[in-house]
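Trainee: Just so it is clear, I am handing over structure.cif, which has mmCIF, N, CA and C atoms.
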```cif
data_data
loop_
_atom_site.label_atom_id
_atom_site.label_comp_id
_atom_site.auth_asym_id
_atom_site.auth_seq_id
_atom_site.Cartn_x
_atom_site.Cartn_y
_atom_site.Cartn_z
N MET G 1 0.84 -1.19 0.00
CA MET G 1 0.00 0.00 0.00
C MET G 1 0.88 1.25 0.00
N ASN G 2 0.66 2.14 -0.95
CA ASN G 2 1.42 3.38 -1.03
C ASN G 2 0.93 4.36 0.03
N LYS G 3 1.87 5.12 0.57
CA LYS G 3 1.48 6.15 1.52
C LYS G 3 0.77 7.26 0.77
N PRO G 4 -0.33 7.77 1.32
CA PRO G 4 -1.02 8.87 0.65
C PRO G 4 -0.18 10.14 0.70
N THR G 5 -0.33 10.96 -0.33
CA THR G 5 0.38 12.23 -0.36
C THR G 5 -0.31 13.20 0.60
N THR G 6 0.37 14.29 0.89
CA THR G 6 -0.20 15.31 1.76
C THR G 6 -1.47 15.87 1.14
N ASP G 7 -1.47 16.09 -0.18
CA ASP G 7 -2.67 16.60 -0.84
C ASP G 7 -3.84 15.63 -0.69
N GLU G 8 -3.56 14.34 -0.84
CA GLU G 8 -4.62 13.34 -0.66
C GLU G 8 -5.15 13.35 0.77
N LEU G 9 -4.27 13.53 1.73
CA LEU G 9 -4.70 13.60 3.12
C LEU G 9 -5.55 14.83 3.38
N PHE G 10 -5.17 15.96 2.78
CA PHE G 10 -5.98 17.17 2.92
C PHE G 10 -7.38 16.94 2.35
N LYS G 11 -7.45 16.28 1.20
CA LYS G 11 -8.76 16.00 0.59
C LYS G 11 -9.60 15.10 1.48
N GLN G 12 -8.97 14.06 2.04
CA GLN G 12 -9.68 13.17 2.95
C GLN G 12 -10.19 13.93 4.16
N LEU G 13 -9.34 14.75 4.71
CA LEU G 13 -9.70 15.50 5.90
C LEU G 13 -10.81 16.50 5.62
N LYS G 14 -10.80 17.07 4.44
CA LYS G 14 -11.86 18.02 4.06
C LYS G 14 -13.22 17.32 4.00
N LYS G 15 -13.21 16.06 3.59
CA LYS G 15 -14.45 15.28 3.50
C LYS G 15 -14.92 14.76 4.86
N THR G 16 -14.05 14.82 5.84
CA THR G 16 -14.39 14.31 7.18
C THR G 16 -15.38 15.27 7.83
N SER G 17 -16.57 14.75 8.16
CA SER G 17 -17.63 15.63 8.64
C SER G 17 -18.07 15.40 10.08
N THR G 18 -17.64 14.32 10.70
CA THR G 18 -18.05 14.05 12.08
C THR G 18 -16.83 13.77 12.94
N VAL G 19 -17.03 13.87 14.24
CA VAL G 19 -15.94 13.59 15.17
C VAL G 19 -15.56 12.11 15.09
N ASP G 20 -16.54 11.24 14.89
CA ASP G 20 -16.24 9.81 14.75
C ASP G 20 -15.39 9.55 13.51
N ALA G 21 -15.72 10.23 12.42
CA ALA G 21 -14.93 10.08 11.19
C ALA G 21 -13.52 10.64 11.39
N LEU G 22 -13.41 11.71 12.15
CA LEU G 22 -12.10 12.28 12.45
C LEU G 22 -11.27 11.28 13.27
N GLU G 23 -11.91 10.63 14.24
CA GLU G 23 -11.22 9.63 15.05
C GLU G 23 -10.71 8.49 14.18
N LYS G 24 -11.55 8.02 13.25
CA LYS G 24 -11.14 6.95 12.34
C LYS G 24 -9.97 7.40 11.47
N TYR G 25 -10.06 8.63 10.95
CA TYR G 25 -9.01 9.20 10.12
C TYR G 25 -7.68 9.24 10.88
N THR G 26 -7.69 9.75 12.12
CA THR G 26 -6.45 9.88 12.87
C THR G 26 -5.87 8.51 13.21
N GLN G 27 -6.70 7.53 13.48
CA GLN G 27 -6.20 6.19 13.76
C GLN G 27 -5.54 5.58 12.52
N GLU G 28 -6.16 5.78 11.35
CA GLU G 28 -5.59 5.27 10.10
C GLU G 28 -4.27 5.96 9.79
N ILE G 29 -4.21 7.25 10.01
CA ILE G 29 -2.98 8.00 9.74
C ILE G 29 -1.86 7.52 10.65
N MET G 30 -2.17 7.35 11.92
CA MET G 30 -1.14 6.90 12.86
C MET G 30 -0.65 5.50 12.50
N ALA G 31 -1.53 4.66 11.96
CA ALA G 31 -1.13 3.29 11.61
C ALA G 31 -0.36 3.24 10.29
N ASN G 32 -0.73 4.09 9.34
CA ASN G 32 -0.16 4.01 7.99
C ASN G 32 0.89 5.06 7.67
N CYS G 33 0.92 6.13 8.40
CA CYS G 33 1.84 7.23 8.12
C CYS G 33 2.51 7.69 9.41
N PRO G 34 3.41 6.90 9.96
CA PRO G 34 4.06 7.33 11.20
C PRO G 34 4.80 8.65 11.00
N VAL G 35 4.72 9.49 11.99
CA VAL G 35 5.35 10.80 11.92
C VAL G 35 6.86 10.65 12.13
N GLN G 36 7.60 11.24 11.22
CA GLN G 36 9.05 11.20 11.31
C GLN G 36 9.52 12.42 12.09
N THR G 37 10.43 12.23 13.00
CA THR G 37 10.97 13.36 13.76
C THR G 37 12.11 14.00 12.96
N PHE G 38 12.46 15.21 13.36
CA PHE G 38 13.58 15.89 12.71
C PHE G 38 14.86 15.08 12.87
N HIS G 39 15.08 14.58 14.06
CA HIS G 39 16.33 13.84 14.31
C HIS G 39 16.40 12.57 13.46
N GLN G 40 15.27 11.89 13.23
CA GLN G 40 15.25 10.71 12.36
C GLN G 40 15.53 11.11 10.91
N TYR G 41 14.91 12.19 10.49
CA TYR G 41 15.11 12.70 9.13
C TYR G 41 16.58 13.06 8.92
N LEU G 42 17.15 13.77 9.89
CA LEU G 42 18.56 14.17 9.80
C LEU G 42 19.47 12.94 9.77
N GLU G 43 19.14 11.96 10.58
CA GLU G 43 19.92 10.72 10.61
C GLU G 43 19.93 10.04 9.23
N ASN G 44 18.77 9.99 8.58
CA ASN G 44 18.67 9.40 7.25
C ASN G 44 19.48 10.19 6.22
N LEU G 45 19.38 11.52 6.29
CA LEU G 45 20.12 12.37 5.36
C LEU G 45 21.62 12.25 5.58
N LEU G 46 22.03 12.20 6.83
CA LEU G 46 23.45 12.05 7.15
C LEU G 46 23.98 10.73 6.63
N SER G 47 23.22 9.68 6.81
CA SER G 47 23.62 8.36 6.33
C SER G 47 23.80 8.35 4.82
N ALA G 48 22.90 9.01 4.12
CA ALA G 48 22.96 9.06 2.65
C ALA G 48 24.07 9.97 2.14
N SER G 49 24.51 10.91 2.98
CA SER G 49 25.49 11.91 2.53
C SER G 49 26.91 11.38 2.46
N GLY G 50 27.22 10.39 3.26
CA GLY G 50 28.58 9.90 3.33
C GLY G 50 29.45 10.65 4.33
N LEU G 51 28.91 11.69 4.95
CA LEU G 51 29.63 12.42 5.98
C LEU G 51 29.54 11.69 7.31
N THR G 52 30.53 11.90 8.14
CA THR G 52 30.45 11.39 9.50
C THR G 52 29.73 12.43 10.35
N PRO G 53 29.21 12.04 11.51
CA PRO G 53 28.60 13.04 12.38
C PRO G 53 29.57 14.17 12.73
N ALA G 54 30.83 13.83 12.98
CA ALA G 54 31.83 14.85 13.31
C ALA G 54 32.02 15.84 12.16
N GLN G 55 32.06 15.33 10.92
CA GLN G 55 32.21 16.21 9.76
C GLN G 55 31.01 17.13 9.61
N LEU G 56 29.82 16.58 9.81
CA LEU G 56 28.60 17.38 9.70
C LEU G 56 28.61 18.51 10.72
N ILE G 57 28.92 18.18 11.96
CA ILE G 57 28.93 19.17 13.02
C ILE G 57 29.97 20.26 12.74
N LYS G 58 31.13 19.85 12.28
CA LYS G 58 32.18 20.81 11.94
C LYS G 58 31.75 21.70 10.78
N ASN G 59 31.22 21.10 9.72
CA ASN G 59 30.79 21.86 8.55
C ASN G 59 29.63 22.81 8.87
N ALA G 60 28.78 22.41 9.81
CA ALA G 60 27.64 23.25 10.19
C ALA G 60 28.04 24.33 11.19
N GLN G 61 29.29 24.27 11.66
CA GLN G 61 29.84 25.23 12.63
C GLN G 61 29.00 25.27 13.91
N ILE G 62 28.69 24.07 14.41
CA ILE G 62 27.92 23.92 15.63
C ILE G 62 28.86 23.41 16.72
N GLN G 63 28.64 23.87 17.93
CA GLN G 63 29.43 23.39 19.07
C GLN G 63 29.28 21.87 19.15
N ARG G 64 30.36 21.18 19.33
CA ARG G 64 30.43 19.72 19.22
C ARG G 64 29.40 18.99 20.09
N ASN G 65 29.38 19.27 21.38
CA ASN G 65 28.44 18.56 22.27
C ASN G 65 26.99 18.81 21.87
N TYR G 66 26.69 20.06 21.55
CA TYR G 66 25.32 20.41 21.15
C TYR G 66 24.97 19.70 19.84
N GLY G 67 25.91 19.63 18.93
CA GLY G 67 25.68 18.94 17.66
C GLY G 67 25.31 17.47 17.86
N TYR G 68 26.04 16.81 18.74
CA TYR G 68 25.73 15.40 19.02
C TYR G 68 24.38 15.25 19.72
N GLN G 69 24.02 16.20 20.55
CA GLN G 69 22.71 16.15 21.19
C GLN G 69 21.59 16.33 20.17
N ILE G 70 21.82 17.15 19.17
CA ILE G 70 20.84 17.30 18.08
C ILE G 70 20.74 15.98 17.32
N LEU G 71 21.88 15.40 17.00
CA LEU G 71 21.90 14.16 16.23
C LEU G 71 21.25 13.00 16.96
N ASN G 72 21.36 12.96 18.29
CA ASN G 72 20.73 11.84 19.00
C ASN G 72 19.32 12.16 19.48
N GLY G 73 18.84 13.36 19.17
CA GLY G 73 17.45 13.69 19.47
C GLY G 73 17.19 14.24 20.85
N THR G 74 18.22 14.48 21.65
CA THR G 74 17.98 15.02 22.99
C THR G 74 17.82 16.54 22.99
N LYS G 75 18.28 17.20 21.96
CA LYS G 75 18.10 18.65 21.81
C LYS G 75 17.40 18.92 20.49
N LYS G 76 16.54 19.92 20.51
CA LYS G 76 15.81 20.32 19.31
C LYS G 76 16.41 21.64 18.81
N PRO G 77 16.96 21.65 17.60
CA PRO G 77 17.61 22.86 17.11
C PRO G 77 16.60 23.92 16.68
N GLY G 78 17.04 25.15 16.75
CA GLY G 78 16.26 26.26 16.23
C GLY G 78 16.40 26.33 14.72
N ARG G 79 15.67 27.25 14.13
CA ARG G 79 15.62 27.39 12.67
C ARG G 79 17.01 27.61 12.07
N ASN G 80 17.81 28.48 12.66
CA ASN G 80 19.14 28.75 12.11
C ASN G 80 20.04 27.52 12.11
N LEU G 81 19.97 26.73 13.16
CA LEU G 81 20.80 25.52 13.21
C LEU G 81 20.32 24.47 12.22
N VAL G 82 19.01 24.39 12.03
CA VAL G 82 18.49 23.46 11.02
C VAL G 82 19.03 23.85 9.65
N ILE G 83 18.99 25.12 9.36
CA ILE G 83 19.50 25.61 8.06
C ILE G 83 21.00 25.34 7.94
N ALA G 84 21.74 25.58 9.02
CA ALA G 84 23.19 25.32 8.99
C ALA G 84 23.46 23.85 8.74
N LEU G 85 22.73 22.98 9.39
CA LEU G 85 22.91 21.53 9.17
C LEU G 85 22.59 21.16 7.73
N CYS G 86 21.53 21.74 7.20
CA CYS G 86 21.14 21.45 5.82
C CYS G 86 22.17 21.97 4.82
N LEU G 87 22.72 23.15 5.08
CA LEU G 87 23.79 23.67 4.22
C LEU G 87 25.01 22.75 4.28
N ALA G 88 25.33 22.28 5.48
CA ALA G 88 26.49 21.39 5.64
C ALA G 88 26.30 20.07 4.90
N LEU G 89 25.03 19.67 4.74
CA LEU G 89 24.73 18.45 3.99
C LEU G 89 24.52 18.71 2.50
N SER G 90 24.58 19.97 2.08
CA SER G 90 24.34 20.38 0.69
C SER G 90 22.99 19.88 0.17
N LEU G 91 21.97 20.05 1.00
CA LEU G 91 20.65 19.55 0.62
C LEU G 91 19.96 20.47 -0.36
N PRO G 92 19.11 19.90 -1.22
CA PRO G 92 18.30 20.74 -2.10
C PRO G 92 17.22 21.45 -1.27
N LEU G 93 16.68 22.52 -1.82
CA LEU G 93 15.72 23.36 -1.11
C LEU G 93 14.53 22.55 -0.59
N GLU G 94 14.03 21.63 -1.38
CA GLU G 94 12.88 20.82 -0.96
C GLU G 94 13.18 20.07 0.34
N ASP G 95 14.36 19.51 0.46
CA ASP G 95 14.74 18.79 1.68
C ASP G 95 14.94 19.75 2.85
N VAL G 96 15.44 20.94 2.58
CA VAL G 96 15.60 21.94 3.64
C VAL G 96 14.23 22.34 4.18
N GLN G 97 13.29 22.56 3.28
CA GLN G 97 11.94 22.94 3.70
C GLN G 97 11.32 21.82 4.56
N ARG G 98 11.53 20.58 4.17
CA ARG G 98 11.02 19.44 4.93
C ARG G 98 11.67 19.39 6.31
N ALA G 99 12.98 19.60 6.37
CA ALA G 99 13.69 19.60 7.65
C ALA G 99 13.16 20.71 8.57
N LEU G 100 12.95 21.89 8.01
CA LEU G 100 12.42 23.00 8.80
C LEU G 100 11.03 22.67 9.35
N THR G 101 10.21 22.07 8.52
CA THR G 101 8.86 21.68 8.95
C THR G 101 8.93 20.66 10.08
N LEU G 102 9.76 19.63 9.92
CA LEU G 102 9.87 18.60 10.94
C LEU G 102 10.44 19.14 12.25
N ALA G 103 11.29 20.16 12.17
CA ALA G 103 11.87 20.76 13.36
C ALA G 103 10.93 21.76 14.02
N GLY G 104 9.80 22.00 13.38
CA GLY G 104 8.82 22.92 13.96
C GLY G 104 9.08 24.38 13.64
N GLY G 105 9.93 24.63 12.67
CA GLY G 105 10.24 26.00 12.27
C GLY G 105 9.47 26.38 11.02
N SER G 106 9.51 27.65 10.70
CA SER G 106 8.85 28.10 9.48
C SER G 106 9.75 27.83 8.28
N ILE G 107 9.12 27.53 7.17
CA ILE G 107 9.88 27.28 5.95
C ILE G 107 10.43 28.60 5.41
N LEU G 108 11.37 28.49 4.52
CA LEU G 108 11.96 29.67 3.91
C LEU G 108 10.95 30.30 2.95
N TYR G 109 10.86 31.62 3.04
CA TYR G 109 9.85 32.37 2.29
C TYR G 109 10.56 33.34 1.35
N PRO G 110 10.39 33.19 0.04
CA PRO G 110 11.17 34.00 -0.90
C PRO G 110 10.88 35.50 -0.88
N LYS G 111 9.79 35.93 -0.26
CA LYS G 111 9.52 37.36 -0.16
C LYS G 111 10.23 38.01 1.02
N ASN G 112 10.81 37.19 1.89
CA ASN G 112 11.57 37.68 3.03
C ASN G 112 13.02 37.86 2.57
N PRO G 113 13.58 39.07 2.72
CA PRO G 113 14.95 39.30 2.21
C PRO G 113 15.99 38.32 2.76
N ARG G 114 15.96 38.07 4.07
CA ARG G 114 16.94 37.14 4.65
C ARG G 114 16.73 35.73 4.11
N ASP G 115 15.48 35.32 4.06
CA ASP G 115 15.17 33.98 3.53
C ASP G 115 15.59 33.86 2.07
N SER G 116 15.43 34.93 1.30
CA SER G 116 15.82 34.86 -0.12
C SER G 116 17.33 34.65 -0.24
N ILE G 117 18.10 35.25 0.66
CA ILE G 117 19.55 35.03 0.67
C ILE G 117 19.85 33.57 1.02
N LEU G 118 19.13 33.04 1.99
CA LEU G 118 19.32 31.64 2.38
C LEU G 118 18.93 30.69 1.24
N ILE G 119 17.85 30.99 0.56
CA ILE G 119 17.43 30.16 -0.58
C ILE G 119 18.51 30.19 -1.66
N PHE G 120 19.05 31.37 -1.94
CA PHE G 120 20.14 31.50 -2.91
C PHE G 120 21.33 30.64 -2.48
N SER G 121 21.70 30.74 -1.22
CA SER G 121 22.84 29.97 -0.69
C SER G 121 22.61 28.47 -0.82
N ILE G 122 21.41 28.03 -0.53
CA ILE G 122 21.07 26.61 -0.64
C ILE G 122 21.15 26.16 -2.09
N ASN G 123 20.55 26.95 -2.97
CA ASN G 123 20.56 26.58 -4.39
C ASN G 123 21.97 26.57 -4.98
N LYS G 124 22.84 27.40 -4.45
CA LYS G 124 24.23 27.47 -4.94
C LYS G 124 25.16 26.53 -4.18
N LYS G 125 24.60 25.74 -3.24
CA LYS G 125 25.38 24.78 -2.45
C LYS G 125 26.54 25.47 -1.70
N MET G 126 26.25 26.64 -1.16
CA MET G 126 27.26 27.40 -0.43
C MET G 126 27.51 26.77 0.94
N THR G 127 28.67 27.03 1.50
CA THR G 127 28.99 26.55 2.84
C THR G 127 28.30 27.45 3.87
N VAL G 128 28.33 27.01 5.11
CA VAL G 128 27.79 27.82 6.20
C VAL G 128 28.60 29.11 6.32
N ASN G 129 29.90 28.99 6.24
CA ASN G 129 30.76 30.17 6.35
C ASN G 129 30.47 31.19 5.24
N ASP G 130 30.38 30.72 4.00
CA ASP G 130 30.10 31.61 2.88
C ASP G 130 28.70 32.23 3.00
N THR G 131 27.76 31.44 3.49
CA THR G 131 26.40 31.94 3.68
C THR G 131 26.38 33.03 4.75
N ASN G 132 27.09 32.80 5.84
CA ASN G 132 27.16 33.80 6.91
C ASN G 132 27.82 35.09 6.42
N LEU G 133 28.84 34.95 5.61
CA LEU G 133 29.51 36.12 5.04
C LEU G 133 28.54 36.91 4.15
N LEU G 134 27.80 36.20 3.32
CA LEU G 134 26.81 36.86 2.45
C LEU G 134 25.73 37.54 3.28
N LEU G 135 25.22 36.85 4.29
CA LEU G 135 24.20 37.45 5.17
C LEU G 135 24.75 38.72 5.83
N HIS G 136 25.95 38.63 6.36
CA HIS G 136 26.57 39.77 7.03
C HIS G 136 26.73 40.95 6.05
N ASN G 137 27.22 40.67 4.84
CA ASN G 137 27.43 41.72 3.86
C ASN G 137 26.12 42.38 3.42
N LYS G 138 25.04 41.66 3.54
CA LYS G 138 23.72 42.21 3.18
C LYS G 138 22.99 42.81 4.39
N GLY G 139 23.69 42.86 5.52
CA GLY G 139 23.11 43.47 6.72
C GLY G 139 22.08 42.59 7.42
N GLU G 140 22.15 41.30 7.20
CA GLU G 140 21.20 40.36 7.81
C GLU G 140 21.87 39.57 8.91
N GLU G 141 21.06 39.04 9.82
CA GLU G 141 21.57 38.22 10.92
C GLU G 141 22.19 36.94 10.35
N THR G 142 23.35 36.58 10.87
CA THR G 142 24.01 35.36 10.41
C THR G 142 23.39 34.16 11.10
N LEU G 143 23.76 32.98 10.60
CA LEU G 143 23.25 31.75 11.18
C LEU G 143 23.91 31.52 12.53
#
```
Starting from the file, give its structure as structure tokens.
Mentor:
Amino acid sequence: MNKPTTDELFKQLKKTSTVDALEKYTQEIMANCPVQTFHQYLENLLSASGLTPAQLIKNAQIQRNYGYQILNGTKKPGRNLVIALCLALSLPLEDVQRALTLAGGSILYPKNPRDSILIFSINKKMTVNDTNLLLHNKGEETL
């Protein structure tokens, strides 16, 4: 059985008209679409990247102990650290947006000047250091 897409789930939920139907929907979702945590998502991306945890933490310019706590799920990173980790993994924008969503942060918005710089950096596969330099030069808060 294929997992339903988010659009399909929205359509199903829109058709849900009673509390009993909502209960059935949530039970089916929990059984068929387990929620992935940010730390699980990051673990999968790290595994696919070929980087070691130490390399990722160094490339993301995160304090070592805090980086390992993020990787093992005991600490939840803020939006800037999620972006730094994604830059260190050279992820495409779609994966960055997914990581931000899973971490509970807002996705990057192209009408926001700082976010547009971050989107540019992601699309150009820039490093965290180069991204911070660009942000600084444009008068924006660094990661």
Trainee: Name the residues in contact with stretch 106-116 of chain G at a cut-off of 7 Å, using only N, CA and C atoms, excluding same-chain residues fewer than 4 positions from it; report them as a PDB file with N, CA and C atoms, in the coordinates of the input.
Mentor:
```
ATOM      1  N   ARG G  79      15.670  27.250  14.130  1.00  0.00           N
ATOM      2  CA  ARG G  79      15.620  27.390  12.670  1.00  0.00           C
ATOM      3  C   ARG G  79      17.010  27.610  12.070  1.00  0.00           C
ATOM      4  N   VAL G  96      15.440  20.940   2.580  1.00  0.00           N
ATOM      5  CA  VAL G  96      15.600  21.940   3.640  1.00  0.00           C
ATOM      6  C   VAL G  96      14.230  22.340   4.180  1.00  0.00           C
ATOM      7  N   GLN G  97      13.290  22.560   3.280  1.00  0.00           N
ATOM      8  CA  GLN G  97      11.940  22.940   3.700  1.00  0.00           C
ATOM      9  C   GLN G  97      11.320  21.820   4.560  1.00  0.00           C
ATOM     10  N   LEU G 100      12.950  21.890   8.010  1.00  0.00           N
ATOM     11  CA  LEU G 100      12.420  23.000   8.800  1.00  0.00           C
ATOM     12  C   LEU G 100      11.030  22.670   9.350  1.00  0.00           C
ATOM     13  N   THR G 101      10.210  22.070   8.520  1.00  0.00           N
ATOM     14  CA  THR G 101       8.860  21.680   8.950  1.00  0.00           C
ATOM     15  C   THR G 101       8.930  20.660  10.080  1.00  0.00           C
ATOM     16  N   PHE G 120      19.050  31.370  -1.940  1.00  0.00           N
ATOM     17  CA  PHE G 120      20.140  31.500  -2.910  1.00  0.00           C
ATOM     18  C   PHE G 120      21.330  30.640  -2.480  1.00  0.00           C
ATOM     19  N   SER G 121      21.700  30.740  -1.220  1.00  0.00           N
ATOM     20  CA  SER G 121      22.840  29.970  -0.690  1.00  0.00           C
ATOM     21  C   SER G 121      22.610  28.470  -0.820  1.00  0.00           C
ATOM     22  N   GLU G 140      22.150  41.300   7.200  1.00  0.00           N
ATOM     23  CA  GLU G 140      21.200  40.360   7.810  1.00  0.00           C
ATOM     24  C   GLU G 140      21.870  39.570   8.910  1.00  0.00           C
ATOM     25  N   GLU G 141      21.060  39.040   9.820  1.00  0.00           N
ATOM     26  CA  GLU G 141      21.570  38.220  10.920  1.00  0.00           C
ATOM     27  C   GLU G 141      22.190  36.940  10.350  1.00  0.00           C
TER      28      GLU G 141
END
```
Trainee: For a quick check of your reading of the model, name the residues lying within 7 Å of the coordinate (22.3, 16.9, 9.3), counting all atoms listed in the file, and write them as a PyMOL selection string.
Mentor: chain G and resi 41-43+45-46+56+85-86+88-89
Trainee: Please provide as a ChimeraX atom specification all residues within 10 Å of G:Lys3, with the sequence filter that same-chain residues fewer than 4 positions apart are discarded (counting only C-alpha atoms).
Mentor: /G:8-9,29,32-33
Trainee: Run DSSP on the backbone of this structure and report the residues of stretch 6-59 of chain G it assigns to alpha helix (DSSP H), as a PyMOL selection string.
Mentor: chain G and resi 6-15+19-32+38-49+53-59
Trainee: Do a neighbour search on stretch 58-73 of chain G at 8 Å with all atoms listed in the file, toss out local chain neighbours closer than 3 positions, and write the hits as a compact mmCIF listing (two decimals) with N, CA and C atoms, keeping the file's coordinate frame.
Mentor:
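Saved result, selection.txt, follows:
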```txt
# COMPACT_ATOMS: atom_id res chain seq x y z
N PHE G 38 12.46 15.21 13.36
CA PHE G 38 13.58 15.89 12.71
C PHE G 38 14.86 15.08 12.87
N HIS G 39 15.08 14.58 14.06
CA HIS G 39 16.33 13.84 14.31
C HIS G 39 16.40 12.57 13.46
N GLN G 40 15.27 11.89 13.23
CA GLN G 40 15.25 10.71 12.36
C GLN G 40 15.53 11.11 10.91
N LEU G 42 17.15 13.77 9.89
CA LEU G 42 18.56 14.17 9.80
C LEU G 42 19.47 12.94 9.77
N GLU G 43 19.14 11.96 10.58
CA GLU G 43 19.92 10.72 10.61
C GLU G 43 19.93 10.04 9.23
N THR G 52 30.53 11.90 8.14
CA THR G 52 30.45 11.39 9.50
C THR G 52 29.73 12.43 10.35
N PRO G 53 29.21 12.04 11.51
CA PRO G 53 28.60 13.04 12.38
C PRO G 53 29.57 14.17 12.73
N ALA G 54 30.83 13.83 12.98
CA ALA G 54 31.83 14.85 13.31
C ALA G 54 32.02 15.84 12.16
N GLN G 55 32.06 15.33 10.92
CA GLN G 55 32.21 16.21 9.76
C GLN G 55 31.01 17.13 9.61
N LYS G 76 16.54 19.92 20.51
CA LYS G 76 15.81 20.32 19.31
C LYS G 76 16.41 21.64 18.81
N PRO G 77 16.96 21.65 17.60
CA PRO G 77 17.61 22.86 17.11
C PRO G 77 16.60 23.92 16.68
N LEU G 81 19.97 26.73 13.16
CA LEU G 81 20.80 25.52 13.21
C LEU G 81 20.32 24.47 12.22
N ILE G 83 18.99 25.12 9.36
CA ILE G 83 19.50 25.61 8.06
C ILE G 83 21.00 25.34 7.94
N ALA G 84 21.74 25.58 9.02
CA ALA G 84 23.19 25.32 8.99
C ALA G 84 23.46 23.85 8.74
N LEU G 85 22.73 22.98 9.39
CA LEU G 85 22.91 21.53 9.17
C LEU G 85 22.59 21.16 7.73
N CYS G 86 21.53 21.74 7.20
CA CYS G 86 21.14 21.45 5.82
C CYS G 86 22.17 21.97 4.82
N LEU G 87 22.72 23.15 5.08
CA LEU G 87 23.79 23.67 4.22
C LEU G 87 25.01 22.75 4.28
N ALA G 88 25.33 22.28 5.48
CA ALA G 88 26.49 21.39 5.64
C ALA G 88 26.30 20.07 4.90
N LEU G 89 25.03 19.67 4.74
CA LEU G 89 24.73 18.45 3.99
C LEU G 89 24.52 18.71 2.50
N THR G 127 28.67 27.03 1.50
CA THR G 127 28.99 26.55 2.84
C THR G 127 28.30 27.45 3.87
N VAL G 128 28.33 27.01 5.11
CA VAL G 128 27.79 27.82 6.20
C VAL G 128 28.60 29.11 6.32
N ASN G 129 29.90 28.99 6.24
CA ASN G 129 30.76 30.17 6.35
C ASN G 129 30.47 31.19 5.24
```
Trainee: Which distance in Å separates atom N of G:Leu91 and atom C of G:Lys125, to one decimal?
Mentor: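 According to the coordinates, atom N of G:Leu91 and atom C of G:Lys125 are separated by 7.6 Å.
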Trainee: Do you have the atom N of G:Tyr25-atom N of G:Gln12 distance handy?
Mentor: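 Between atom N of G:Tyr25 and atom N of G:Gln12 the gap works out to 10.5 Å.
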Trainee: Using Å and a single decimal, report how far atom N of G:Lys138 sits from atom N of G:Leu93.
Mentor: 21.6 Å
Trainee: G:Thr26, G:Thr6, G:Thr37, G:Asn137: which is nearest G:Thr74, counting only C-alpha atoms?
Mentor: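 Closest candidate: G:Thr37.
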